[in-house]
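S.K.: I have a structure here, written as structure tokens, and I will follow up with some questions on it.
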Amino acid sequence: MSAGDFSSDRPSALRRKLLFGMAAVPGLALLPRAVAAAAPAASVNSTGLAVTDSTVTVGILHSITGTMAISETGSVEAEKLAIAQINEQGGVLGRKIQVIQEDGASDWPTFAEKSKKLLVNDKVAAVFGCWTSASRKAVLPVFEQYNGMLYYPTFYEGLEQSKNVIYTGQEATQQILAGLDWVMKEKGAKTFYLLGSDYIWPRTSNKIARKHIEMHGLTVAGEEYFPLGNTEFNSVINKIKLKKPDVIYMSVVGGSNVAFYKQLKAAGIDLNKQTLMTISVTEDEILGIGGENIAGAYACMKYFQSLDNPNNKAFVPAFKKMWGEKAVIGDVTQAAYLGPWLWKLTVEKAGSFDIDKVAAASPGIEFKGAPEGYVRIHENHHLWSKSRVGRARADGQYDLVYETPDLMEPNPFPKGYQ
Amino acid sequence: MLMGYSFADLGSIFAMQAFAGLSLFSVFLLMALGLAIIFGQMGVINMAHGEFMILGAYVTYLCSGFFSAFLPGLYAIYFLVAMVLAFVVAGALGMAVEWLMIRHLYRRPLDTLLATWGLSLVLQQAYRSIFGAREVGVELPEWMMGSTHLSETIDIPINGLFVMALTVLITACVFAMMFRSSWGKKVRAVVQNRTMAGAVGIDTERVDRYTFGIGCGIAGVAGSAFTMIGSTGPTSGQLYIVDTFLVVVFGGAQSLLGTIASAFSISQAQSTMEFFLSGSMAKVLVLLGVVGILMLRPQGLFVIKVRR
Amino acid sequence: MSKTLFASRGNLVGLLLLAVLLLVVFPLVFDIFRLNLVGKYLTYAFVALGLVLCWGNAGILSLGQGVFFGLGGYCMAMFLKLEASSPENTKIQSTPGIPDFMDWNQVTALPWFWEPFHSLSFSLVAVVVVPALFAFVIGLAMFKRRVGGVYFAIITQAIAAILTILIVGQQGYTGGINGITDLRTLKGWDIRTDHAKLILYFINGGLLLGALLLAQFVQQTKLGRLLVAMRDKEDRVRFSGYDVSSFRIFVFCFAAGLAAIGGAMFTLQVGFMSSSFIGIVPSIEMVIYCAVGGRSSLIGAVYGTLLINFGRSLLSESFPQLWQFAMGGLFIAIVMVFPDGLAGLYQTYAAPLIARRFRSGRGGGRIAAASTGSRVH
């Protein structure tokens, strides 16, 4: 990572000294790589978490088997990379991070069971995990009851806010609105066709999109949902051909994407002429779809692997070094990478691993080394972040075509969009 | 729904929906043919059918990689090679499975269901360990991805035509094999009365093994063809299993003709409903309809009397 | 099933052993976290018990038992959710007093079919009656027309698929794919505390033993013997003047009711219910619990459920990849090598040993049975 990371270590060490008046090593902040004698475990951990004088244990909870393994693999890889990098730089409060990884097996009750195990038996200081909303909803009561800390990486539908969760992905308005404004302005789009998989995230996202479109006096030509895993789209493609919407707005997830784009191309719809905007296809999904089938489509999210900034230029090679040259990095993978770093920065600001102190210290934490540029945690535990529009290339990468000039404010309970 | 469309539009709707229905029909039929042989003729409930299809898809993926690396000149036709290989590989695995597992279970059809479900778990994990948890993208030769532009709104996808042609070819082969060859006679004899077939000198074990192998091989070819329209990942096979079984059962399990008829009616119903309703509701209504009709007519559309 | 006094005494010993294991040994050995897990596993055992009657005895394999488990669970969850969504708790919503997921989906009034679930007694009745009625309709349609065996399995599987799509699609009324989450109290009693979990565990264990006794009773009545007879020679039973379909419908409904009780207990102990139980995968897994136990042994079904779930929890903690192989391999091995499951192993290896001891000294018999019995499990 670039040197920018460490400047934010300074106030945390300072604060720790002020708070505890301990003989904390002053050099720690300036020389993070030095393995310094850390504060005794009892002083930074008053609630019995798995913290020793030299280690701290965290959990990773994703599906590595079952249908969701396709999506969640990238998040696990990113989290492990971040943790390895943090350890290389001396760990958190002078303690090396140890990882207990659990498999959610694409099954929501299993997520609940494993999160309970991580919190109750393993007493982990933080958990990085979950992907689908359903898995998050299943573990949320567990985290609130046993007071754990979850860093959740996926862009999601919003309508949630918890003391025990930091949402490192975008909530729906953050992801959607800027992209819609861009496509209205740049493409002069007047009519939209909304397509999604049939579950909460696409439905909520399309609801917000529809309100926004109608607020601008424009038209939604159609809105349709398909069962998860659906592979037949010819009928809806026919409808699209007849209604000729200016924009096809897509929130179909998983294997259905592959089927949709292949059938779209086969039906003779040229994405260089027909504007299509997706909020669900990251570089990860393009691997399965095939770049040649989706080239020309626009995606609206906060991160693309091709972003041109110093942080990302360090992050991408590091990721490939650890996980192979062929590895690709999508929006969620990047958001998962933020989790461990944000946690480290928060812990060091709080000067303690205690969940309550970490939760309280979270708002305002900035991570200047984020591959997406710069993020800051909002009062509502979501991230301030930019919104970007990218255009798919045939090689499976996106070209950045637009980014918001300012950070977008996260607004999980958007007024006027509910 | 008719409002807002001109007559020209209605004409193209009709043409394109007819084509969408036909291509869905070929997809269903291709999925179901292998199972119709295995389940319909042999009475084995092969829950790993989807995994055999995905095996074909992975073979195609490997072939695509191999051709683009070593034989780029022949890339345009790699798909044909891949389909043959998919048939051979899936068929060989099928025969191995028959020899190791299925042949011990012919008297317990419900147990084949559990054993093959176990097999499907093992295969899924094997794919995951070998190819990774992510979906793989199977690249297609350029000529297969285009479409024929007939009019402003009517485009005929080449891969749709390809799947249709393939379906016709395989169906014809299966029919020729089952009803025109001496081997087909043996298969039918074994299906109708295993003991008597054995008594008149048919090597029933061998017939079983080859029948199972061919059924799996056809699944492999289907999987290979589906790389054109669907996804290839460790768990993609599961998506097909309910549809496939319903098609076979709805047609009347022992009747190949029934399988064709049921694939046709289900696909037409689904594609029409999808046009007028949202995707999810269409699917629910079609499944409900099929289940409802099966409750009224449990033997399926076509019945062949057999003595077991 | 109906051999001699010894067989039924064996049953009694087995039942007592199981009761001791569930109600004494587990609570002593496990901490509350593990005990809650065991409680969760035991809710699946209800389904497995039903399957023993349905599949092992009557020969009807349902691949849709998850439907009934889920329906039971949803009935319970609806009551709990309504209690958790009191107007005070939900005052930040645009419509206070309705469950949060409805508010997110612009549902502005409680749908009519939710209304009765304000009442606990109605909900408790609905837990059993709704799934049993559903099973009755399915059973009536299928068994009257003599659909059986493979066809029944495939049709129930399709029903599971349909219901999943419906529940996920109608998320404004059902919570969709997320399910009904964040359940807190039962008539003001916080079900999330350790103390409540302990009590729920014992209630669950007691109910399971009760269900086991009831199922055993059904097995030993004339009805149970008829079911076995129908499985083996359906025509002869029919020619003897029995209405085969009614018996089948009864046992299918009975199994559905048991599964539903399991589902309701699941909701109470785990604190949520989602559509992921209704699908095909969980339904088939529940069949394997029953198969591992030995498909016609009720007690075996409970041990089978426990064994597989413990295996999953422990193995998947250390080797998730291996677990999939192990689970698949187990399916195959159970079918190929041990078609009678744990109960079969017990009969072949342990029972003769016990019988020998039993003959040598009457007094030591029961203790020997106890020790060997527990070794098998």
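Numbering starts fresh at 1 for the residues of each chain in the structure tokens, the chains themselves are lettered A, B, ... in the order given, and ligands are numbered from 1 as they appear.
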Pull out every residue of chain A that has at least one atom within 6 Å of chain C, counting only C-alpha atoms, and report them as a list in words.
M.R.: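 Here is what falls inside 6 Å: Glu102, Ala134, Pro141 and Asp198 of chain A.
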S.K.: Would you return as a PDB file with N, CA and C atoms, in the first residue's frame the members of range 217-306 of chain A that DSSP assigns to alpha helix (DSSP H) on this structure's backbone?
M.R.:
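Written file, out_32.pdb:
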ATOM      1  N   ASN A 234     -35.710 -15.257 -23.744  1.00  0.00           N
ATOM      2  CA  ASN A 234     -36.087 -14.884 -25.106  1.00  0.00           C
ATOM      3  C   ASN A 234     -37.372 -14.074 -25.165  1.00  0.00           C
ATOM      4  N   SER A 235     -38.362 -14.439 -24.342  1.00  0.00           N
ATOM      5  CA  SER A 235     -39.641 -13.721 -24.402  1.00  0.00           C
ATOM      6  C   SER A 235     -39.477 -12.264 -24.008  1.00  0.00           C
ATOM      7  N   VAL A 236     -38.706 -12.033 -22.926  1.00  0.00           N
ATOM      8  CA  VAL A 236     -38.579 -10.647 -22.480  1.00  0.00           C
ATOM      9  C   VAL A 236     -37.722  -9.864 -23.460  1.00  0.00           C
ATOM     10  N   ILE A 237     -36.773 -10.541 -24.089  1.00  0.00           N
ATOM     11  CA  ILE A 237     -35.964  -9.850 -25.100  1.00  0.00           C
ATOM     12  C   ILE A 237     -36.855  -9.430 -26.268  1.00  0.00           C
ATOM     13  N   ASN A 238     -37.795 -10.274 -26.623  1.00  0.00           N
ATOM     14  CA  ASN A 238     -38.750  -9.887 -27.663  1.00  0.00           C
ATOM     15  C   ASN A 238     -39.538  -8.655 -27.259  1.00  0.00           C
ATOM     16  N   LYS A 239     -39.976  -8.636 -25.999  1.00  0.00           N
ATOM     17  CA  LYS A 239     -40.736  -7.480 -25.537  1.00  0.00           C
ATOM     18  C   LYS A 239     -39.888  -6.215 -25.613  1.00  0.00           C
ATOM     19  N   ILE A 240     -38.620  -6.366 -25.229  1.00  0.00           N
ATOM     20  CA  ILE A 240     -37.733  -5.199 -25.278  1.00  0.00           C
ATOM     21  C   ILE A 240     -37.594  -4.701 -26.706  1.00  0.00           C
ATOM     22  N   LYS A 241     -37.490  -5.649 -27.628  1.00  0.00           N
ATOM     23  CA  LYS A 241     -37.329  -5.247 -29.028  1.00  0.00           C
ATOM     24  C   LYS A 241     -38.542  -4.458 -29.511  1.00  0.00           C
ATOM     25  N   LEU A 242     -39.699  -4.827 -29.021  1.00  0.00           N
ATOM     26  CA  LEU A 242     -40.899  -4.132 -29.475  1.00  0.00           C
ATOM     27  C   LEU A 242     -41.055  -2.781 -28.812  1.00  0.00           C
ATOM     28  N   LYS A 243     -40.749  -2.727 -27.526  1.00  0.00           N
ATOM     29  CA  LYS A 243     -40.976  -1.469 -26.817  1.00  0.00           C
ATOM     30  C   LYS A 243     -39.842  -0.490 -27.037  1.00  0.00           C
ATOM     31  N   GLY A 255     -26.101 -16.826 -12.205  1.00  0.00           N
ATOM     32  CA  GLY A 255     -26.011 -17.521 -13.488  1.00  0.00           C
ATOM     33  C   GLY A 255     -26.998 -16.984 -14.528  1.00  0.00           C
ATOM     34  N   SER A 256     -28.090 -16.365 -14.063  1.00  0.00           N
ATOM     35  CA  SER A 256     -29.062 -15.813 -15.002  1.00  0.00           C
ATOM     36  C   SER A 256     -28.423 -14.767 -15.914  1.00  0.00           C
ATOM     37  N   ASN A 257     -27.456 -14.023 -15.374  1.00  0.00           N
ATOM     38  CA  ASN A 257     -26.757 -13.027 -16.175  1.00  0.00           C
ATOM     39  C   ASN A 257     -26.154 -13.623 -17.423  1.00  0.00           C
ATOM     40  N   VAL A 258     -25.479 -14.765 -17.221  1.00  0.00           N
ATOM     41  CA  VAL A 258     -24.800 -15.408 -18.337  1.00  0.00           C
ATOM     42  C   VAL A 258     -25.807 -15.688 -19.437  1.00  0.00           C
ATOM     43  N   ALA A 259     -26.933 -16.287 -19.034  1.00  0.00           N
ATOM     44  CA  ALA A 259     -27.965 -16.618 -20.011  1.00  0.00           C
ATOM     45  C   ALA A 259     -28.496 -15.358 -20.676  1.00  0.00           C
ATOM     46  N   PHE A 260     -28.747 -14.325 -19.880  1.00  0.00           N
ATOM     47  CA  PHE A 260     -29.356 -13.117 -20.443  1.00  0.00           C
ATOM     48  C   PHE A 260     -28.472 -12.493 -21.516  1.00  0.00           C
ATOM     49  N   TYR A 261     -27.206 -12.268 -21.199  1.00  0.00           N
ATOM     50  CA  TYR A 261     -26.372 -11.539 -22.155  1.00  0.00           C
ATOM     51  C   TYR A 261     -26.085 -12.367 -23.403  1.00  0.00           C
ATOM     52  N   LYS A 262     -25.944 -13.670 -23.221  1.00  0.00           N
ATOM     53  CA  LYS A 262     -25.727 -14.505 -24.412  1.00  0.00           C
ATOM     54  C   LYS A 262     -26.954 -14.466 -25.311  1.00  0.00           C
ATOM     55  N   GLN A 263     -28.135 -14.541 -24.702  1.00  0.00           N
ATOM     56  CA  GLN A 263     -29.355 -14.542 -25.518  1.00  0.00           C
ATOM     57  C   GLN A 263     -29.614 -13.167 -26.135  1.00  0.00           C
ATOM     58  N   LEU A 264     -29.231 -12.128 -25.393  1.00  0.00           N
ATOM     59  CA  LEU A 264     -29.398 -10.776 -25.919  1.00  0.00           C
ATOM     60  C   LEU A 264     -28.549 -10.595 -27.170  1.00  0.00           C
ATOM     61  N   LYS A 265     -27.308 -11.058 -27.080  1.00  0.00           N
ATOM     62  CA  LYS A 265     -26.423 -10.906 -28.223  1.00  0.00           C
ATOM     63  C   LYS A 265     -26.926 -11.737 -29.394  1.00  0.00           C
ATOM     64  N   ALA A 266     -27.343 -12.968 -29.075  1.00  0.00           N
ATOM     65  CA  ALA A 266     -27.809 -13.845 -30.147  1.00  0.00           C
ATOM     66  C   ALA A 266     -29.053 -13.274 -30.809  1.00  0.00           C
ATOM     67  N   GLU A 283     -16.715  -7.302 -12.608  1.00  0.00           N
ATOM     68  CA  GLU A 283     -15.724  -8.039 -13.388  1.00  0.00           C
ATOM     69  C   GLU A 283     -15.812  -9.538 -13.096  1.00  0.00           C
ATOM     70  N   ASP A 284     -16.167  -9.891 -11.864  1.00  0.00           N
ATOM     71  CA  ASP A 284     -16.325 -11.305 -11.493  1.00  0.00           C
ATOM     72  C   ASP A 284     -17.357 -12.001 -12.370  1.00  0.00           C
ATOM     73  N   GLU A 285     -18.503 -11.351 -12.539  1.00  0.00           N
ATOM     74  CA  GLU A 285     -19.584 -11.965 -13.325  1.00  0.00           C
ATOM     75  C   GLU A 285     -19.186 -12.055 -14.795  1.00  0.00           C
ATOM     76  N   ILE A 286     -18.415 -11.064 -15.272  1.00  0.00           N
ATOM     77  CA  ILE A 286     -18.053 -11.075 -16.694  1.00  0.00           C
ATOM     78  C   ILE A 286     -17.236 -12.323 -17.033  1.00  0.00           C
ATOM     79  N   LEU A 287     -16.483 -12.818 -16.053  1.00  0.00           N
ATOM     80  CA  LEU A 287     -15.742 -14.064 -16.289  1.00  0.00           C
ATOM     81  C   LEU A 287     -16.668 -15.141 -16.835  1.00  0.00           C
ATOM     82  N   GLY A 288     -17.837 -15.262 -16.237  1.00  0.00           N
ATOM     83  CA  GLY A 288     -18.777 -16.293 -16.654  1.00  0.00           C
ATOM     84  C   GLY A 288     -19.538 -15.903 -17.917  1.00  0.00           C
ATOM     85  N   ILE A 289     -19.827 -14.592 -18.059  1.00  0.00           N
ATOM     86  CA  ILE A 289     -20.628 -14.144 -19.198  1.00  0.00           C
ATOM     87  C   ILE A 289     -19.797 -14.166 -20.470  1.00  0.00           C
ATOM     88  N   GLY A 291     -16.537 -11.602 -21.959  1.00  0.00           N
ATOM     89  CA  GLY A 291     -16.447 -10.177 -22.266  1.00  0.00           C
ATOM     90  C   GLY A 291     -17.087  -9.828 -23.601  1.00  0.00           C
ATOM     91  N   GLU A 292     -16.935 -10.735 -24.596  1.00  0.00           N
ATOM     92  CA  GLU A 292     -17.439 -10.393 -25.926  1.00  0.00           C
ATOM     93  C   GLU A 292     -18.959 -10.293 -25.951  1.00  0.00           C
ATOM     94  N   ASN A 293     -19.622 -10.892 -24.943  1.00  0.00           N
ATOM     95  CA  ASN A 293     -21.081 -10.864 -24.935  1.00  0.00           C
ATOM     96  C   ASN A 293     -21.657  -9.623 -24.258  1.00  0.00           C
ATOM     97  N   ILE A 294     -20.830  -8.927 -23.523  1.00  0.00           N
ATOM     98  CA  ILE A 294     -21.378  -7.801 -22.754  1.00  0.00           C
ATOM     99  C   ILE A 294     -20.682  -6.491 -23.101  1.00  0.00           C
TER     100      ILE A 294
END
S.K.: Name the residues in contact with Trp117 in chain B at a cut-off of 8 Å, using only C-alpha atoms, excluding same-chain residues fewer than 6 positions from it; report them as a ChimeraX atom specification.
M.R.: /B:46-48 /C:328,331
S.K.: How about saving the chosen residues, C-alpha atoms kept, as an mmCIF file, in the first residue's frame?
M.R.:
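Written out: result.cif:
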data_model
loop_
_atom_site.group_PDB
_atom_site.id
_atom_site.type_symbol
_atom_site.label_atom_id
_atom_site.label_comp_id
_atom_site.auth_asym_id
_atom_site.auth_seq_id
_atom_site.Cartn_x
_atom_site.Cartn_y
_atom_site.Cartn_z
ATOM 1 C CA ASN B 46 -30.798 -39.909 -11.997
ATOM 2 C CA MET B 47 -30.590 -36.817 -9.818
ATOM 3 C CA ALA B 48 -27.079 -36.238 -11.121
ATOM 4 C CA GLY C 328 -22.090 -37.221 -1.044
ATOM 5 C CA PHE C 331 -25.458 -40.850 0.586
#
S.K.: Set the distance at 9 Å and use only C-alpha atoms: which residues neighbour Glu51 in chain B once local chain neighbours fewer than 2 positions away are removed? I'd like the list as a PyMOL selection string.
M.R.: chain B and resi 47-49+53-56+119-121+123-124+219-220+223+234-238
S.K.: Dump N, CA and C atoms for the selected residues as a PDB file, in the first residue's frame?
M.R.:
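Saved file again_24.pdb follows:
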ATOM      1  N   MET B  47     -30.606 -38.200 -10.292  1.00  0.00           N
ATOM      2  CA  MET B  47     -30.590 -36.817  -9.818  1.00  0.00           C
ATOM      3  C   MET B  47     -29.308 -36.103 -10.233  1.00  0.00           C
ATOM      4  N   ALA B  48     -28.327 -36.859 -10.694  1.00  0.00           N
ATOM      5  CA  ALA B  48     -27.079 -36.238 -11.121  1.00  0.00           C
ATOM      6  C   ALA B  48     -27.129 -35.866 -12.598  1.00  0.00           C
ATOM      7  N   HIS B  49     -28.313 -35.916 -13.185  1.00  0.00           N
ATOM      8  CA  HIS B  49     -28.427 -35.607 -14.613  1.00  0.00           C
ATOM      9  C   HIS B  49     -27.847 -34.221 -14.928  1.00  0.00           C
ATOM     10  N   MET B  53     -24.710 -32.956 -17.403  1.00  0.00           N
ATOM     11  CA  MET B  53     -24.777 -31.879 -18.393  1.00  0.00           C
ATOM     12  C   MET B  53     -23.624 -30.898 -18.198  1.00  0.00           C
ATOM     13  N   ILE B  54     -23.399 -30.543 -16.949  1.00  0.00           N
ATOM     14  CA  ILE B  54     -22.333 -29.576 -16.690  1.00  0.00           C
ATOM     15  C   ILE B  54     -20.970 -30.169 -17.034  1.00  0.00           C
ATOM     16  N   LEU B  55     -20.841 -31.486 -16.879  1.00  0.00           N
ATOM     17  CA  LEU B  55     -19.595 -32.129 -17.298  1.00  0.00           C
ATOM     18  C   LEU B  55     -19.364 -31.848 -18.780  1.00  0.00           C
ATOM     19  N   GLY B  56     -20.417 -31.982 -19.576  1.00  0.00           N
ATOM     20  CA  GLY B  56     -20.305 -31.667 -21.002  1.00  0.00           C
ATOM     21  C   GLY B  56     -19.888 -30.220 -21.213  1.00  0.00           C
ATOM     22  N   LEU B 119     -24.101 -38.679  -5.576  1.00  0.00           N
ATOM     23  CA  LEU B 119     -23.156 -38.530  -6.682  1.00  0.00           C
ATOM     24  C   LEU B 119     -23.120 -37.075  -7.153  1.00  0.00           C
ATOM     25  N   SER B 120     -24.293 -36.441  -7.203  1.00  0.00           N
ATOM     26  CA  SER B 120     -24.302 -35.071  -7.695  1.00  0.00           C
ATOM     27  C   SER B 120     -23.543 -34.153  -6.738  1.00  0.00           C
ATOM     28  N   LEU B 121     -23.638 -34.406  -5.429  1.00  0.00           N
ATOM     29  CA  LEU B 121     -22.866 -33.595  -4.474  1.00  0.00           C
ATOM     30  C   LEU B 121     -21.373 -33.776  -4.709  1.00  0.00           C
ATOM     31  N   LEU B 123     -19.864 -34.763  -7.454  1.00  0.00           N
ATOM     32  CA  LEU B 123     -19.440 -34.157  -8.721  1.00  0.00           C
ATOM     33  C   LEU B 123     -19.347 -32.642  -8.597  1.00  0.00           C
ATOM     34  N   GLN B 124     -20.347 -32.039  -7.932  1.00  0.00           N
ATOM     35  CA  GLN B 124     -20.307 -30.581  -7.768  1.00  0.00           C
ATOM     36  C   GLN B 124     -19.028 -30.143  -7.079  1.00  0.00           C
ATOM     37  N   ALA B 219     -26.874 -36.265 -22.204  1.00  0.00           N
ATOM     38  CA  ALA B 219     -26.852 -35.159 -21.240  1.00  0.00           C
ATOM     39  C   ALA B 219     -25.609 -34.313 -21.460  1.00  0.00           C
ATOM     40  N   GLY B 220     -24.465 -34.982 -21.689  1.00  0.00           N
ATOM     41  CA  GLY B 220     -23.217 -34.259 -21.917  1.00  0.00           C
ATOM     42  C   GLY B 220     -23.316 -33.356 -23.135  1.00  0.00           C
ATOM     43  N   GLY B 223     -25.399 -30.412 -22.309  1.00  0.00           N
ATOM     44  CA  GLY B 223     -24.639 -29.438 -21.530  1.00  0.00           C
ATOM     45  C   GLY B 223     -23.712 -28.640 -22.422  1.00  0.00           C
ATOM     46  N   PRO B 234     -20.076 -24.801 -11.024  1.00  0.00           N
ATOM     47  CA  PRO B 234     -20.221 -26.089 -10.327  1.00  0.00           C
ATOM     48  C   PRO B 234     -21.659 -26.435 -10.002  1.00  0.00           C
ATOM     49  N   THR B 235     -22.489 -25.434  -9.715  1.00  0.00           N
ATOM     50  CA  THR B 235     -23.853 -25.749  -9.287  1.00  0.00           C
ATOM     51  C   THR B 235     -24.902 -25.429 -10.354  1.00  0.00           C
ATOM     52  N   SER B 236     -24.448 -25.095 -11.558  1.00  0.00           N
ATOM     53  CA  SER B 236     -25.427 -24.747 -12.596  1.00  0.00           C
ATOM     54  C   SER B 236     -26.360 -25.901 -12.915  1.00  0.00           C
ATOM     55  N   GLY B 237     -25.864 -27.125 -12.775  1.00  0.00           N
ATOM     56  CA  GLY B 237     -26.660 -28.288 -13.150  1.00  0.00           C
ATOM     57  C   GLY B 237     -27.955 -28.398 -12.378  1.00  0.00           C
ATOM     58  N   GLN B 238     -27.925 -27.931 -11.122  1.00  0.00           N
ATOM     59  CA  GLN B 238     -29.120 -28.042 -10.284  1.00  0.00           C
ATOM     60  C   GLN B 238     -30.303 -27.272 -10.843  1.00  0.00           C
TER      61      GLN B 238
END
S.K.: If you count only C-alpha atoms, which residues fall within 7 Å of range 260-273 of chain B, apart from same-chain ones fewer than 3 positions away, as a ChimeraX atom specification?
M.R.: /A:235 /B:20-21,24-25,28-29,247,250-251,256-257,276-277,282-283,286
S.K.: Please provide the set of residues having any atom within 12 Å of Phe122 in chain C, restricted to only C-alpha atoms, with same-chain residues fewer than 5 positions apart removed, written as a VMD selection string.
M.R.: chain C and resid 75 to 76 78 to 79 114 to 117 127 to 130
S.K.: Could you give me, as a PyMOL selection string, the residues within 9 Å of Thr60 in chain B, counting only C-alpha atoms and dropping anything in the same chain fewer than 3 positions from it?
M.R.: chain B and resi 55-57+63-65+78-79+81-83+85-86+138+223-225+227
S.K.: Considering only C-alpha atoms, tabulate each residue of chain B that lies at most 8 Å from chain A along with its nearest interatomic pair and the corresponding distance in Å to one decimal; arrange the rows by chain and ascending residue number and present them as a tab-separated table.
M.R.:
residue	atom	partner	partner_atom	distance
B:Asp9	CA	A:Leu242	CA	7.1
B:Ile13	CA	A:Asn238	CA	7.2
B:Met16	CA	A:Asn238	CA	6.7
B:Gln17	CA	A:Ser235	CA	6.5
B:Ala20	CA	A:Asn234	CA	5.6
B:Leu24	CA	A:Glu232	CA	7.6
B:Gln125	CA	A:Thr65	CA	7.8
B:Ala133	CA	A:Ile70	CA	4.9
B:Arg134	CA	A:Ile70	CA	4.2
B:Glu135	CA	A:Gly288	CA	4.8
B:Val136	CA	A:Gly288	CA	4.6
B:Gly137	CA	A:Gly288	CA	4.0
B:Val138	CA	A:Gly290	CA	7.0
B:Glu139	CA	A:Gly290	CA	6.7
B:Met145	CA	A:Ala266	CA	5.5
B:Gly146	CA	A:Ala266	CA	5.5
B:Ser147	CA	A:Gly268	CA	5.5
B:Thr148	CA	A:Gly268	CA	7.9
B:His149	CA	A:Gly268	CA	7.5
B:Thr153	CA	A:Lys241	CA	6.5
B:Asp155	CA	A:Ala267	CA	5.9
B:Ile156	CA	A:Ala267	CA	6.5
B:Pro157	CA	A:Ala266	CA	4.8
B:Ile158	CA	A:Ala266	CA	6.8
B:Asn159	CA	A:Ala266	CA	6.8
B:Gly160	CA	A:Ala266	CA	7.9
B:Met228	CA	A:Lys262	CA	6.9
B:Ile229	CA	A:Ala259	CA	5.1
B:Gly230	CA	A:Ala259	CA	4.2
B:Ser231	CA	A:Val258	CA	5.2
B:Thr232	CA	A:Gly288	CA	7.1
B:Gly233	CA	A:Ile70	CA	7.7
B:Pro234	CA	A:Thr67	CA	8.0
B:Thr235	CA	A:Thr67	CA	5.8
B:Ser236	CA	A:Gly255	CA	7.3
B:Leu239	CA	A:Gly229	CA	6.3
B:Ser271	CA	A:Ser235	CA	6.1
B:Thr272	CA	A:Ser235	CA	7.8
B:Glu274	CA	A:Ser235	CA	6.1
B:Phe275	CA	A:Ser235	CA	5.4
B:Ser278	CA	A:Glu224	CA	5.2
B:Gly279	CA	A:Phe226	CA	4.6
B:Ser280	CA	A:Phe226	CA	4.7
B:Lys283	CA	A:Pro227	CA	7.9
S.K.: Given the selection you just returned, output its residues as a file containing C-alpha atoms, formatted as a CSV table (one decimal), in the first residue's frame.
M.R.:
chain,number,residue,atom,x,y,z
B,9,ASP,CA,-45.7,-5.3,-34.5
B,13,ILE,CA,-44.4,-10.6,-32.0
B,16,MET,CA,-40.5,-14.0,-32.7
B,17,GLN,CA,-42.5,-15.6,-29.9
B,20,ALA,CA,-38.6,-18.3,-28.8
B,24,LEU,CA,-37.2,-23.3,-25.6
B,125,GLN,CA,-17.5,-30.5,-5.3
B,133,ALA,CA,-16.0,-21.9,-7.5
B,134,ARG,CA,-16.5,-19.2,-10.1
B,135,GLU,CA,-18.4,-19.7,-13.3
B,136,VAL,CA,-16.2,-20.1,-16.4
B,137,GLY,CA,-16.9,-18.3,-19.6
B,138,VAL,CA,-17.0,-20.6,-22.6
B,139,GLU,CA,-16.0,-18.6,-25.7
B,145,MET,CA,-23.0,-15.9,-31.9
B,146,GLY,CA,-24.6,-13.8,-34.6
B,147,SER,CA,-28.1,-13.6,-35.8
B,148,THR,CA,-29.9,-13.5,-39.1
B,149,HIS,CA,-31.5,-10.2,-39.6
B,153,THR,CA,-37.7,-6.4,-35.4
B,155,ASP,CA,-33.8,-11.5,-35.8
B,156,ILE,CA,-33.2,-15.2,-35.8
B,157,PRO,CA,-30.4,-16.2,-33.4
B,158,ILE,CA,-27.9,-18.6,-35.0
B,159,ASN,CA,-27.3,-20.4,-31.8
B,160,GLY,CA,-31.0,-21.0,-31.4
B,228,MET,CA,-24.3,-21.1,-25.8
B,229,ILE,CA,-27.3,-20.0,-23.8
B,230,GLY,CA,-26.6,-20.6,-20.1
B,231,SER,CA,-23.9,-20.5,-17.5
B,232,THR,CA,-21.2,-23.0,-16.6
B,233,GLY,CA,-20.5,-23.3,-12.9
B,234,PRO,CA,-20.2,-26.1,-10.3
B,235,THR,CA,-23.9,-25.7,-9.3
B,236,SER,CA,-25.4,-24.7,-12.6
B,239,LEU,CA,-31.1,-25.4,-12.2
B,271,SER,CA,-43.0,-18.8,-23.5
B,272,THR,CA,-46.5,-17.4,-24.2
B,274,GLU,CA,-43.7,-15.1,-20.1
B,275,PHE,CA,-44.7,-12.7,-22.8
B,278,SER,CA,-43.8,-11.2,-15.4
B,279,GLY,CA,-41.2,-14.0,-15.6
B,280,SER,CA,-41.7,-15.3,-12.0
B,283,LYS,CA,-42.9,-20.0,-14.2
